[in-house]
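Visitor: You'll find run31.cif just under this line, and it carries mmCIF, C-alpha atoms.
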```cif
data_structure
#
loop_
_atom_site.label_atom_id
_atom_site.label_comp_id
_atom_site.auth_asym_id
_atom_site.auth_seq_id
_atom_site.Cartn_x
_atom_site.Cartn_y
_atom_site.Cartn_z
CA MET A 1 -30.51 23.27 -28.58
CA ASP A 2 -29.91 26.20 -30.86
CA ARG A 3 -28.98 26.22 -34.49
CA PHE A 4 -25.27 26.02 -33.91
CA GLU A 5 -25.66 22.98 -31.70
CA ARG A 6 -27.85 21.29 -34.29
CA GLU A 7 -25.33 22.06 -36.99
CA LEU A 8 -22.56 20.77 -34.78
CA ALA A 9 -24.40 17.51 -34.27
CA ARG A 10 -25.04 17.22 -37.96
CA MET A 11 -21.41 17.82 -38.81
CA MET A 12 -20.35 15.13 -36.38
CA ARG A 13 -22.73 12.60 -37.86
CA ASP A 14 -22.13 13.49 -41.47
CA SER A 15 -18.42 13.20 -41.12
CA GLN A 16 -18.76 9.52 -40.42
CA GLU A 17 -17.44 7.33 -43.19
CA TYR A 18 -17.68 3.61 -43.42
CA THR A 19 -14.60 1.87 -42.13
CA PRO A 20 -14.52 -1.90 -42.53
CA PHE A 21 -13.11 -4.18 -39.91
CA GLU A 22 -10.02 -5.23 -41.78
CA PRO A 23 -7.99 -8.38 -41.11
CA ALA A 24 -5.04 -6.32 -39.98
CA GLN A 25 -7.14 -4.72 -37.28
CA GLN A 26 -8.53 -8.11 -36.37
CA ASN A 27 -5.03 -9.48 -35.99
CA SER A 28 -3.94 -6.56 -33.87
CA LEU A 29 -6.99 -7.06 -31.71
CA ARG A 30 -6.08 -10.71 -31.21
CA ALA A 31 -2.55 -9.75 -30.36
CA GLY A 32 -3.83 -7.24 -27.86
CA VAL A 33 -6.02 -9.86 -26.24
CA ARG A 34 -3.09 -12.27 -25.99
CA VAL A 35 -0.83 -9.65 -24.47
CA ARG A 36 -3.41 -8.61 -21.97
CA ARG A 37 -4.09 -12.21 -21.07
CA ARG A 38 -0.40 -12.76 -20.36
CA VAL A 39 -0.23 -9.59 -18.31
CA ARG A 40 -3.20 -10.65 -16.26
CA ALA A 41 -1.76 -14.12 -15.74
CA ALA A 42 1.54 -12.60 -14.66
CA GLN A 43 -0.22 -10.26 -12.28
CA LYS A 44 -2.21 -13.10 -10.83
CA ALA A 45 0.88 -15.23 -10.37
CA ALA A 46 2.75 -12.36 -8.77
CA THR A 47 -0.16 -11.73 -6.47
CA CYS A 48 -0.26 -15.37 -5.43
CA VAL A 49 3.48 -15.44 -4.80
CA LEU A 50 3.34 -12.28 -2.73
CA ALA A 51 0.38 -13.56 -0.76
CA ALA A 52 2.11 -16.87 -0.07
CA ALA A 53 5.29 -15.08 0.95
CA GLY A 54 3.38 -12.79 3.25
CA ILE A 55 1.50 -15.62 4.88
CA SER A 56 4.63 -17.68 5.36
CA LEU A 57 6.48 -14.72 6.79
CA GLY A 58 3.64 -14.04 9.14
CA LEU A 59 3.53 -17.62 10.28
CA PHE A 60 7.28 -17.57 10.76
CA LEU A 61 7.20 -14.48 12.91
CA LEU A 62 4.04 -15.26 14.82
CA PRO A 63 5.40 -17.82 17.34
CA HIS A 64 8.27 -15.54 18.29
CA ALA A 65 6.19 -12.47 18.62
CA PRO A 66 5.01 -12.83 22.27
CA ASP A 67 8.51 -13.36 23.62
CA ARG A 68 9.87 -10.41 21.78
CA ASP A 69 7.02 -8.11 22.50
CA ARG A 70 6.91 -8.81 26.18
CA PRO A 71 7.85 -5.68 28.13
CA LEU A 72 10.97 -5.94 30.13
CA GLY A 73 10.17 -6.00 33.81
CA PRO A 74 12.49 -5.94 36.77
CA VAL A 75 14.90 -8.78 36.82
CA PRO A 76 13.61 -11.37 39.26
CA ARG A 77 16.01 -11.75 42.10
CA PRO A 78 16.60 -15.04 43.71
CA SER A 79 14.27 -15.43 46.61
CA VAL A 80 16.09 -15.93 49.84
CA THR A 81 14.29 -18.27 52.08
CA PRO A 82 15.07 -17.93 55.73
CA THR A 83 16.84 -21.00 56.98
CA SER A 84 16.92 -20.09 60.61
CA PRO A 85 13.72 -20.48 62.55
CA ASP A 86 14.18 -17.06 64.16
CA ALA A 87 13.55 -15.17 61.01
CA THR A 88 9.92 -14.48 60.68
CA LEU A 89 9.95 -12.12 57.73
CA SER A 90 11.25 -12.87 54.36
CA PRO A 91 14.05 -10.59 53.27
CA THR A 92 13.09 -7.97 50.83
CA PRO A 93 15.49 -6.74 48.22
CA SER A 94 15.01 -3.13 49.22
CA SER A 95 18.25 -1.47 50.14
CA SER A 96 16.83 1.23 52.33
CA GLY A 97 18.59 1.82 55.55
CA SER A 98 21.22 -0.79 55.33
CA PRO A 99 23.50 -1.15 58.27
CA THR A 100 26.72 0.67 58.05
CA GLU A 101 28.94 -2.24 58.55
CA SER A 102 27.01 -5.09 57.11
CA ALA A 103 27.67 -6.08 53.58
CA THR A 104 25.48 -9.09 53.26
CA GLY A 105 21.95 -9.14 52.09
CA THR A 106 20.75 -10.75 55.22
CA ALA A 107 21.41 -7.67 57.27
CA THR A 108 19.23 -5.58 55.05
CA ALA A 109 16.47 -7.98 55.63
CA GLU A 110 16.66 -7.31 59.27
CA ASN A 111 16.43 -3.58 58.71
CA THR A 112 13.20 -3.97 57.02
CA ASP A 113 12.00 -5.65 60.09
CA GLY A 114 12.26 -2.39 61.89
CA THR A 115 15.00 -3.36 64.25
CA SER A 116 17.53 -0.83 63.16
CA GLY A 117 20.75 -0.16 64.86
CA PRO A 118 22.84 -2.80 66.46
CA PRO A 119 20.90 -5.94 66.14
CA GLU A 120 20.13 -7.66 69.30
CA THR A 121 19.58 -10.95 67.69
CA PRO A 122 21.11 -10.72 64.27
CA THR A 123 19.51 -13.61 62.61
CA THR A 124 21.90 -14.53 59.95
CA THR A 125 19.46 -15.75 57.46
CA GLY A 126 22.14 -16.11 54.91
CA SER A 127 22.66 -19.69 55.88
CA SER A 128 26.02 -21.25 56.21
CA THR A 129 27.05 -20.59 52.66
CA SER A 130 27.08 -16.89 53.24
CA GLY A 131 29.19 -17.41 56.28
CA ALA A 132 31.68 -19.36 54.30
CA SER A 133 31.87 -16.59 51.81
CA ASP A 134 32.51 -14.17 54.57
CA THR A 135 35.60 -15.98 55.51
CA GLU A 136 36.94 -15.68 52.03
CA GLY A 137 36.11 -12.05 51.43
CA PRO A 138 38.27 -9.61 53.27
CA GLY A 139 35.57 -6.98 53.27
CA THR A 140 33.16 -9.09 55.17
CA ALA A 141 35.46 -9.45 58.10
CA THR A 142 34.04 -6.36 59.72
CA THR A 143 30.64 -7.82 60.36
CA SER A 144 30.84 -8.30 64.02
CA ALA A 145 27.34 -9.19 64.88
CA PRO A 146 27.10 -11.53 67.79
CA ALA A 147 25.60 -14.45 66.18
CA THR A 148 23.59 -16.85 68.12
CA GLU A 149 24.00 -19.51 65.62
CA PRO A 150 26.93 -21.83 65.87
CA ALA A 151 27.95 -21.36 62.31
CA THR A 152 29.54 -17.97 62.68
CA PRO A 153 33.10 -18.32 61.60
CA SER A 154 32.70 -15.29 59.41
CA ASN A 155 32.41 -12.91 62.29
CA THR A 156 35.86 -13.68 63.58
CA PRO A 157 37.93 -14.48 60.59
CA THR A 158 41.22 -14.06 62.33
CA SER A 159 40.52 -16.40 65.16
CA SER A 160 38.67 -19.03 63.32
CA PRO A 161 40.65 -22.14 62.72
CA PRO A 162 40.84 -22.67 59.06
CA PRO A 163 39.79 -25.90 57.60
CA SER A 164 42.60 -28.25 57.18
CA GLY A 165 41.96 -28.83 53.55
CA LEU A 166 41.85 -25.18 52.60
CA ASP A 167 45.19 -24.04 53.84
CA GLY A 168 46.72 -23.45 50.55
CA LEU A 169 43.62 -22.00 49.02
CA GLU A 170 42.79 -19.21 51.35
CA PRO A 171 44.81 -16.08 50.97
CA THR A 172 44.03 -14.90 54.48
CA SER A 173 46.94 -14.53 56.79
CA SER A 174 45.12 -16.12 59.66
CA ALA A 175 45.72 -19.57 58.36
CA GLY A 176 49.39 -18.92 57.90
CA ALA A 177 49.70 -17.36 61.31
CA SER A 178 48.11 -20.28 63.01
CA THR A 179 50.31 -22.76 61.30
CA GLY A 180 53.48 -20.88 61.41
CA MET B 1 -10.50 -15.88 -31.99
CA GLY B 2 -11.03 -19.59 -32.23
CA GLN B 3 -11.36 -20.14 -28.53
CA ALA B 4 -13.76 -17.28 -28.09
CA ARG B 5 -16.76 -19.51 -27.87
CA ALA B 6 -15.03 -21.87 -25.48
CA GLU B 7 -14.38 -18.95 -23.14
CA GLY B 8 -17.88 -17.59 -23.34
CA THR B 9 -17.11 -14.77 -25.75
CA GLY B 10 -19.32 -15.99 -28.52
CA GLY B 11 -20.71 -13.14 -30.56
CA PHE B 12 -17.79 -10.87 -29.88
CA ASP B 13 -16.46 -11.01 -33.40
CA GLU B 14 -19.88 -10.37 -34.84
CA PHE B 15 -20.40 -7.39 -32.60
CA VAL B 16 -17.02 -5.91 -33.46
CA ALA B 17 -17.52 -6.44 -37.18
CA ALA B 18 -20.96 -4.86 -37.05
CA ARG B 19 -20.11 -1.88 -34.90
CA TRP B 20 -16.52 -1.23 -35.91
CA SER B 21 -17.27 1.66 -38.22
CA ALA B 22 -19.44 3.57 -35.76
CA LEU B 23 -17.12 2.94 -32.87
CA PHE B 24 -14.16 3.99 -34.93
CA HIS B 25 -15.84 7.25 -35.84
CA LEU B 26 -16.59 7.91 -32.20
CA ALA B 27 -12.99 7.22 -31.36
CA ARG B 28 -11.88 9.50 -34.11
CA LEU B 29 -14.00 12.35 -32.83
CA LEU B 30 -12.74 11.77 -29.31
CA CYS B 31 -9.19 11.90 -30.65
CA ALA B 32 -9.90 15.00 -32.76
CA GLY B 33 -9.41 13.22 -36.04
CA ASP B 34 -6.20 11.39 -35.26
CA ARG B 35 -6.68 8.09 -37.04
CA HIS B 36 -3.85 6.21 -35.37
CA ARG B 37 -4.78 7.34 -31.93
CA ALA B 38 -8.37 6.43 -32.65
CA GLU B 39 -7.38 2.93 -33.66
CA ASP B 40 -5.33 2.50 -30.52
CA LEU B 41 -8.14 3.83 -28.38
CA LEU B 42 -10.72 1.57 -29.97
CA GLN B 43 -8.50 -1.47 -29.83
CA GLU B 44 -7.75 -0.90 -26.16
CA ALA B 45 -11.43 -0.60 -25.44
CA LEU B 46 -12.25 -3.72 -27.42
CA VAL B 47 -9.59 -5.73 -25.61
CA LYS B 48 -11.20 -4.75 -22.34
CA LEU B 49 -14.57 -5.61 -23.77
CA TRP B 50 -13.30 -9.06 -24.75
CA PHE B 51 -12.50 -9.88 -21.14
CA ALA B 52 -15.78 -8.43 -19.91
CA TRP B 53 -17.82 -9.91 -22.70
CA PRO B 54 -19.49 -12.69 -20.68
CA LYS B 55 -20.85 -10.04 -18.33
CA VAL B 56 -21.89 -7.29 -20.73
CA ALA B 57 -22.78 -9.23 -23.84
CA ASP B 58 -26.43 -9.46 -22.96
CA GLU B 59 -26.70 -5.92 -21.68
CA ALA B 60 -25.05 -3.07 -23.53
CA PRO B 61 -21.62 -3.84 -24.95
CA GLU B 62 -21.56 -0.68 -27.02
CA ALA B 63 -22.21 1.48 -23.99
CA TYR B 64 -19.39 -0.33 -22.26
CA VAL B 65 -16.99 0.44 -25.10
CA ARG B 66 -18.19 4.02 -25.25
CA LYS B 67 -17.54 4.53 -21.57
CA ILE B 68 -14.06 3.06 -21.81
CA MET B 69 -13.15 5.17 -24.81
CA ALA B 70 -14.61 8.39 -23.41
CA ARG B 71 -12.82 8.04 -20.10
CA ALA B 72 -9.56 7.08 -21.76
CA ALA B 73 -9.81 10.01 -24.13
CA ALA B 74 -10.63 12.37 -21.27
CA ARG B 75 -7.54 11.15 -19.49
CA SER B 76 -5.43 11.45 -22.58
CA ALA B 77 -3.94 14.75 -21.47
CA ARG B 78 -2.07 12.89 -18.75
CA ARG B 79 -0.41 10.62 -21.26
CA ARG B 80 2.67 12.01 -22.82
CA TRP B 81 2.35 10.00 -25.97
CA TRP B 82 -1.06 11.44 -26.45
CA GLY B 83 0.05 14.98 -25.84
CA GLU B 84 -1.76 17.47 -28.00
CA ARG B 85 -0.60 20.74 -29.39
CA PRO B 86 -3.24 23.02 -30.80
CA VAL B 87 -2.23 24.48 -34.12
CA GLU B 88 -3.31 27.61 -35.82
CA ALA B 89 -3.28 26.25 -39.35
CA LEU B 90 -5.26 23.26 -40.48
CA PRO B 91 -3.36 20.02 -40.60
CA ASP B 92 -2.67 18.36 -43.90
CA LEU B 93 -5.53 16.30 -45.06
CA PRO B 94 -5.03 12.68 -45.98
CA HIS B 95 -6.85 13.27 -49.25
CA THR B 96 -5.47 16.58 -50.38
CA GLY B 97 -6.84 16.22 -53.83
CA ASP B 98 -10.40 15.81 -52.61
CA GLU B 99 -11.95 19.25 -52.49
CA SER B 100 -15.40 18.12 -51.66
CA ALA B 101 -17.29 20.07 -49.10
CA ALA B 102 -17.72 17.07 -46.85
CA VAL B 103 -14.02 16.56 -46.48
CA VAL B 104 -13.39 20.22 -45.83
CA GLU B 105 -16.13 20.33 -43.30
CA ARG B 106 -14.84 17.26 -41.53
CA SER B 107 -11.33 18.57 -41.42
CA ARG B 108 -12.55 21.88 -40.00
CA LEU B 109 -14.53 20.04 -37.37
CA GLU B 110 -11.60 17.84 -36.38
CA SER B 111 -9.31 20.82 -36.24
CA ALA B 112 -11.75 22.67 -34.01
CA LEU B 113 -12.14 19.66 -31.75
CA ALA B 114 -8.37 19.43 -31.46
CA GLN B 115 -8.33 22.84 -29.82
CA LEU B 116 -10.52 21.71 -26.96
CA PRO B 117 -9.24 20.17 -23.80
CA PRO B 118 -9.80 16.41 -23.76
CA ARG B 119 -12.57 16.45 -21.18
CA GLN B 120 -14.47 19.21 -22.93
CA ARG B 121 -14.07 17.40 -26.21
CA ALA B 122 -15.34 14.15 -24.75
CA ALA B 123 -18.30 15.91 -23.19
CA VAL B 124 -19.18 17.66 -26.45
CA VAL B 125 -18.89 14.47 -28.50
CA LEU B 126 -20.98 12.49 -26.08
CA ARG B 127 -23.56 15.24 -25.84
CA TYR B 128 -23.95 16.09 -29.52
CA TYR B 129 -22.73 13.11 -31.48
CA GLN B 130 -24.00 10.38 -29.20
CA ASP B 131 -26.97 12.56 -28.24
CA LEU B 132 -26.71 11.58 -24.61
CA PRO B 133 -28.46 13.59 -21.92
CA GLU B 134 -26.25 15.51 -19.55
CA LYS B 135 -26.81 13.08 -16.75
CA GLN B 136 -25.61 10.20 -18.85
CA VAL B 137 -22.65 12.22 -20.07
CA ALA B 138 -21.66 12.72 -16.46
CA GLU B 139 -22.07 9.03 -15.80
CA VAL B 140 -19.96 8.04 -18.76
CA LEU B 141 -17.21 10.48 -17.87
CA GLY B 142 -17.38 9.55 -14.23
CA CYS B 143 -17.79 13.11 -12.98
CA PRO B 144 -20.57 15.11 -11.30
CA LEU B 145 -23.42 16.40 -13.36
CA GLY B 146 -22.41 20.02 -12.95
CA THR B 147 -18.91 19.25 -14.09
CA ALA B 148 -20.12 17.46 -17.19
CA ARG B 149 -22.51 20.29 -17.94
CA SER B 150 -19.73 22.82 -17.54
CA HIS B 151 -17.42 20.85 -19.81
CA ALA B 152 -20.05 20.60 -22.50
CA SER B 153 -21.11 24.25 -22.35
CA ARG B 154 -17.55 25.53 -22.39
CA GLY B 155 -16.63 23.21 -25.19
CA VAL B 156 -19.57 24.33 -27.27
CA ALA B 157 -18.78 27.97 -26.56
CA ARG B 158 -15.24 27.44 -27.72
CA LEU B 159 -16.39 25.61 -30.85
CA ARG B 160 -18.81 28.42 -31.51
CA GLN B 161 -15.93 30.82 -31.69
CA ILE B 162 -13.79 28.57 -33.83
CA LEU B 163 -16.48 27.52 -36.26
CA ALA B 164 -18.21 30.86 -36.48
CA ASP B 165 -17.35 31.26 -40.12
CA VAL B 166 -18.37 27.72 -40.99
CA ILE B 167 -21.69 27.66 -39.22
CA GLU B 168 -23.16 31.04 -39.90
CA PRO B 169 -25.51 32.38 -37.30
CA VAL B 170 -29.09 32.87 -38.12
CA GLY B 171 -29.60 36.37 -39.43
#
```
Represent the structure of the file as structure tokens.

Guide:
Amino acid sequence: MDRFERELARMMRDSQEYTPFEPAQQNSLRAGVRVRRRVRAAQKAATCVLAAAGISLGLFLLPHAPDRDRPLGPVPRPSVTPTSPDATLSPTPSSSGSPTESATGTATAENTDGTSGPPETPTTTGSSTSGASDTEGPGTATTSAPATEPATPSNTPTSSPPPSGLDGLEPTSSAGASTG
Amino acid sequence: MGQARAEGTGGFDEFVAARWSALFHLARLLCAGDRHRAEDLLQEALVKLWFAWPKVADEAPEAYVRKIMARAAARSARRRWWGERPVEALPDLPHTGDESAAVVERSRLESALAQLPPRQRAAVVLRYYQDLPEKQVAEVLGCPLGTARSHASRGVARLRQILADVIEPVG
């Protein structure tokens, strides 16, 4: 510490003058303490409110989270169980190599079996409900697979005698032709 | 503070009353002689001390206040209401009629300190008025030792230029 630094230190110390702690300063100090206490209380309350809101929001969203976050997979298709005893394989929903004239899902199941082409034994695994639908749909009238099962009115929609109770309901001309 | 003792702040008033003058002078040096700023700085530090009193009462409450004031003064350049503008001429003295050498010397010192950046001023005051070693200056300012040393040396170099005519070099 050289002379200038010593003189600088001396000047700093000598310039000190006695300053009493006056009541006005004491009052301002009290006011400052009160203000700071209020600010701290407000901050603490705000923190508690925010924490409670966050927790409640988290609890509200937590039960719904797994359903929403689950990745969307392929839509499960209704499993078609073979009703006829001839069908050994379950039909798969793959649409590869579908027959040219078949429009039902049961025919595709047979293609997966490996027996492509004209089916020798077209096992109509679509049960009787599919056959009933074939009678109603005009596009399904072309399926001319020789069915071994007795319930094959869909294959010959024109020659099949319509049910007596469905005369007025079916728009096919076969029913009208038979009656008239 | 009637409830001071109930909250564990007993002795706070006595400490403030006993050390007010010295702390106020430190604050005034840190603020380059600005009395109002010094009062605000000291009051802010004492309010913080009041809340920390149960922890620091038995240790070093004055060091705690000194650290708060030094750091706040070093940050004062970031506060717009504490913005400083160095002036060429000396500011008006509060006691213009007093021509004593002590007053003139103090005003010259405060004017010279006002021309320093806040961090350099804080480092110089802590180093030469508080007589703290450089390591402790760095600790109080919350900066590395080299930074504190640089602030102090640059501040002293600047003061040496400003106060060259007041403090005459040894011939």

Visitor: Would you kindly translate the PyMOL selection byres ((chain B and resi 57) around 12) into the concrete residues it picks from this file, as a list of chain:residue names?

Guide: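 That expression, the PyMOL selection byres ((chain B and resi 57) around 12), corresponds here to B:Gly8, B:Thr9, B:Gly10, B:Gly11, B:Phe12, B:Asp13, B:Glu14, B:Phe15, B:Val16, B:Leu49, B:Trp50, B:Phe51, B:Ala52, B:Trp53, B:Pro54, B:Lys55, B:Val56, B:Asp58, B:Glu59, B:Ala60, B:Pro61, B:Glu62, B:Ala63, B:Tyr64, B:Val65.
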
Visitor: If the PyMOL selection byres ((chain B) within 6 of (chain A)) is run on the structure shown, which residues does it catch, given as a ChimeraX atom specification?

Guide: /B:17,21,25,47,106,128-129

Visitor: Which distance in Å separates atom CA of B:Ala152 and atom CA of B:Ala123, to one decimal?

Guide: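 A separation of 5.1 Å between them.
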
Visitor: Applied to the shown file, which residues does the PyMOL selection byres ((chain B and resi 120) around 10) return, written as a PyMOL selection string?

Guide: chain B and resi 30+74+113+115-119+121-126+147-156+158

Visitor: Could you please determine the separation between atom CA of B:Met69 and atom CA of B:Arg37 in Å, to one decimal place?

Guide: 11.2 Å
